[in-house]
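Q: Take this structure, written in structure tokens, and hold onto it; I'll ask about it next.
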Amino acid sequence: MANNRWEPKAAAVQQVDTITVALTWATADTVAITINTKVLTVSVGTDSATTDVAIAVKEAINGETFTDTTTTVVPTGAGPDIAEFSELTATVSGSVVTVRGIAGEPFVMTVVETTAGDGTAVEATATAATGPNHYDNSDNWSSSVPIGTDDVYVDNSDVSILWGLDQSAVPIASFTEGLNFTGDIGLPEVAPGGYKEYRESGGYLQLNCAKITIGTGEGSGSGRTKIDTGSSTAAIIAVINTGSSSEFGLPAFLWKGTHASSTLDMLNGSVGVASFGGELATLTDLVVADGTCELGVGLTLATMDVFGGTCTLRGVTSSTITMTGGVLNVEGTTGTISGINQQGGTINYRAGGTTITTLTVGGEGSPTFDLTNCPTTVTATNPISVRPGANIVDPSRKILGDNVSTTSLVTGITVT
């Protein structure tokens with residue numbers, strides 16, 4: 001195995017696309033240019049030669065006054081009024097429009113023509129974007145783009161990894177991120193230009209890797225690390241610590257992956273699993289010692305051990321939870337929890353319409369099981385085992401009723 005470190009030094013290169021206009025065009029023919037579902041539609045005026053159409057397309061992208069005043073565009077403000085287009089500049093030579101983006105940053109553009117005759121407008125990428133934020137550029141690594149025998153280290157840098165993120169086809173031995181890495185890995189939900197990010201398949205770094213360690217050493221850490229380990233490899237994930245999140249309302253470390261045998265151990269920091277709508281994740285085991293952990297509705301979880309910190313379980317799926325400390329917020333509407341063994345800490349149960357097969361509350365940690373804000377009744381399949389030290393808060397009797405095992409009601413138990 002070889003150590004391979006993130007050492008970003010590639011020069012930033014603009015993406016260059018061309019739109020080649022050819023054959024016969026007529027008045028009212030259109031060219032529709034789309035980026036991120038935003039469409040810029042140019043309607044050809046009386047000047048319909050291919051060179052005239054190309055000039056009109058260039059002027060629309062740049063927001064210039066049309067040379068042919070009978071040409072129209074939707075929206076009327078043209079390129080500068082659309083955030084995705086405002087990052088582009090266009091020039092024209094003959095019948096070819098050349099479109100350039102921000103140096104080092106890719107864009108995805110499609111062009112569709114609608115003509116009365118046989119006019120065409122063909123888009124092609126002449127130069128791909130690359131630069132210091134591209135994982136897939138060899139100039140950004142101590143050896144080359146990571147391969148199967150590499151132990152990959154991302155540390156001692158503030159330069160983010162934003163592009164070339166689909167590395168799922170290339171297995172690597174391990175991936176370690178140090179706290180002295182203060183850049184970001186993956187894309188934000190909203191791009192700096194103010195539009196919803198559409199590139200790089202959800203913005204996750206896609207890794208085929210069995211061992212991932214986040215937050216080694218000392219430092220302030222990354223504010224955003226998004227990793228997707230997919231379904232082909234069981235990932236053993238250790239989160240030692242993270243930085244403070246760079247996106248409001250989101251954890252600093254975001255993970256998803258659907259292999260049935262993946263595990264996650266969290267010592268501290270902020271972690272989110274399947275955090276966005278439609279995302280799926282599977283964990284056979286989750287251990288939380290401290291920090292904050294947000295578990296999305298798309299998570300399938302086998303076992304969970306909570307020793308401290310604050311966890312929010314939004315997707316109630318079949319799982320077994322053992323808790324000795326910390327706070328666990330259980331939210332959602334339907335689903336089943338196989339078992340809860342609460343020996344300490346506080347569980348705020350706010351998931352109405354759910355089923356708990358086996359519930360045991362009590363222990364030296366004086367646990368509190370609170371259903372004050374539970375919206376509907378909760379089914380306890382087996383009689384609830386309440387042991388000394390337990391405090392069950394259920395003022396509206398959402399779960400208690402006849403479900404409490406009377407043999408376990410002994411001195412030291414509070415039921416309200």
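Every chain in the structure tokens takes a letter, A first, then B, and so on in the order presented; its residues are numbered from 1, and the ligands are numbered from 1 following the presented order.
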Which neighbours of A:Leu23 fall inside 7 Å, counting only C-alpha atoms, when residues of the same chain fewer than 6 positions from it are skipped, and could you give them as a PyMOL selection string?
A: chain A and resi 118-120
Q: Kindly save the residues from that selection, with N, CA and C atoms included, as a compact mmCIF listing (two decimals), in the first residue's frame.
A:
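File produced: again.txt:
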```txt
# COMPACT_ATOMS: atom_id res chain seq x y z
N ASP A 118 -34.21 22.61 -41.88
CA ASP A 118 -33.26 21.62 -41.38
C ASP A 118 -32.15 22.24 -40.54
N GLY A 119 -32.38 23.43 -39.98
CA GLY A 119 -31.36 24.10 -39.18
C GLY A 119 -30.95 23.29 -37.96
N THR A 120 -29.68 23.37 -37.64
CA THR A 120 -29.15 22.66 -36.47
C THR A 120 -28.32 23.60 -35.61
```
Q: Run DSSP on the backbone of this structure and report the residues of stretch 205-381 of chain A it assigns to strand (DSSP E), as a ChimeraX atom specification.
A: /A:205-209,211-216,225-228,236-239,253-256,263-266,270-273,281-288,292-295,299-306,310-313,320-323,327-330,335-349,354-370,379-380
Q: Between A:Tyr349, A:Trp141, A:Phe307, A:Tyr153, which is the closest to A:Gly365 once you count only C-alpha atoms?
A: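 Selected residue with least distance to A:Gly365: A:Phe307.
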Q: Compare A:Ser201, A:Ser144, A:Thr114, A:Asn208 by their minimum atom-to-atom distance to A:Phe175, counting only C-alpha atoms, and give me the closest one.
A: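 Residue with the minimum atom-to-atom distance to A:Phe175: A:Asn208.
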Q: When DSSP works through the backbone of this structure, what residues of stretch 63-279 of chain A end up as helix (DSSP H, G or I), shown as a list in words?
A: Gly79, Pro80, Asp81, Ala83, Glu84, Phe85, Ser86, Ser138, Asp139, Asn140, Ser201, Gly202 and Gly203 of chain A
Q: Please save N, CA and C atoms of the selected residues as a short mmCIF file (atom, residue, chain, number, x, y, z; two decimals), in the first residue's frame.
A:
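Generated output (out.cif):
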```
data_model
loop_
_atom_site.label_atom_id
_atom_site.label_comp_id
_atom_site.auth_asym_id
_atom_site.auth_seq_id
_atom_site.Cartn_x
_atom_site.Cartn_y
_atom_site.Cartn_z
N GLY A 79 -29.41 36.08 -20.43
CA GLY A 79 -28.47 35.37 -19.58
C GLY A 79 -28.19 35.97 -18.21
N PRO A 80 -27.88 37.26 -18.12
CA PRO A 80 -27.54 37.83 -16.80
C PRO A 80 -28.65 37.72 -15.76
N ASP A 81 -29.91 37.54 -16.20
CA ASP A 81 -31.02 37.42 -15.24
C ASP A 81 -31.24 35.99 -14.76
N ALA A 83 -29.28 32.93 -12.93
CA ALA A 83 -28.05 32.78 -12.14
C ALA A 83 -27.05 31.85 -12.83
N GLU A 84 -27.51 30.71 -13.32
CA GLU A 84 -26.59 29.75 -13.94
C GLU A 84 -25.92 30.32 -15.19
N PHE A 85 -26.66 31.12 -15.97
CA PHE A 85 -26.12 31.72 -17.19
C PHE A 85 -25.23 32.93 -16.89
N SER A 86 -25.47 33.58 -15.76
CA SER A 86 -24.68 34.77 -15.42
C SER A 86 -23.21 34.43 -15.17
N SER A 138 -4.48 14.48 -11.40
CA SER A 138 -3.27 13.93 -10.79
C SER A 138 -2.38 14.98 -10.16
N ASP A 139 -2.45 16.22 -10.69
CA ASP A 139 -1.60 17.29 -10.14
C ASP A 139 -2.00 17.68 -8.73
N ASN A 140 -3.13 17.18 -8.25
CA ASN A 140 -3.60 17.53 -6.90
C ASN A 140 -3.26 16.46 -5.86
N SER A 201 -23.94 14.69 -9.06
CA SER A 201 -24.80 13.65 -8.47
C SER A 201 -25.07 13.85 -6.99
N GLY A 202 -25.61 14.99 -6.65
CA GLY A 202 -25.94 15.27 -5.26
C GLY A 202 -24.80 15.85 -4.46
N GLY A 203 -23.64 15.99 -5.09
CA GLY A 203 -22.52 16.68 -4.44
C GLY A 203 -21.73 15.86 -3.47
#
```
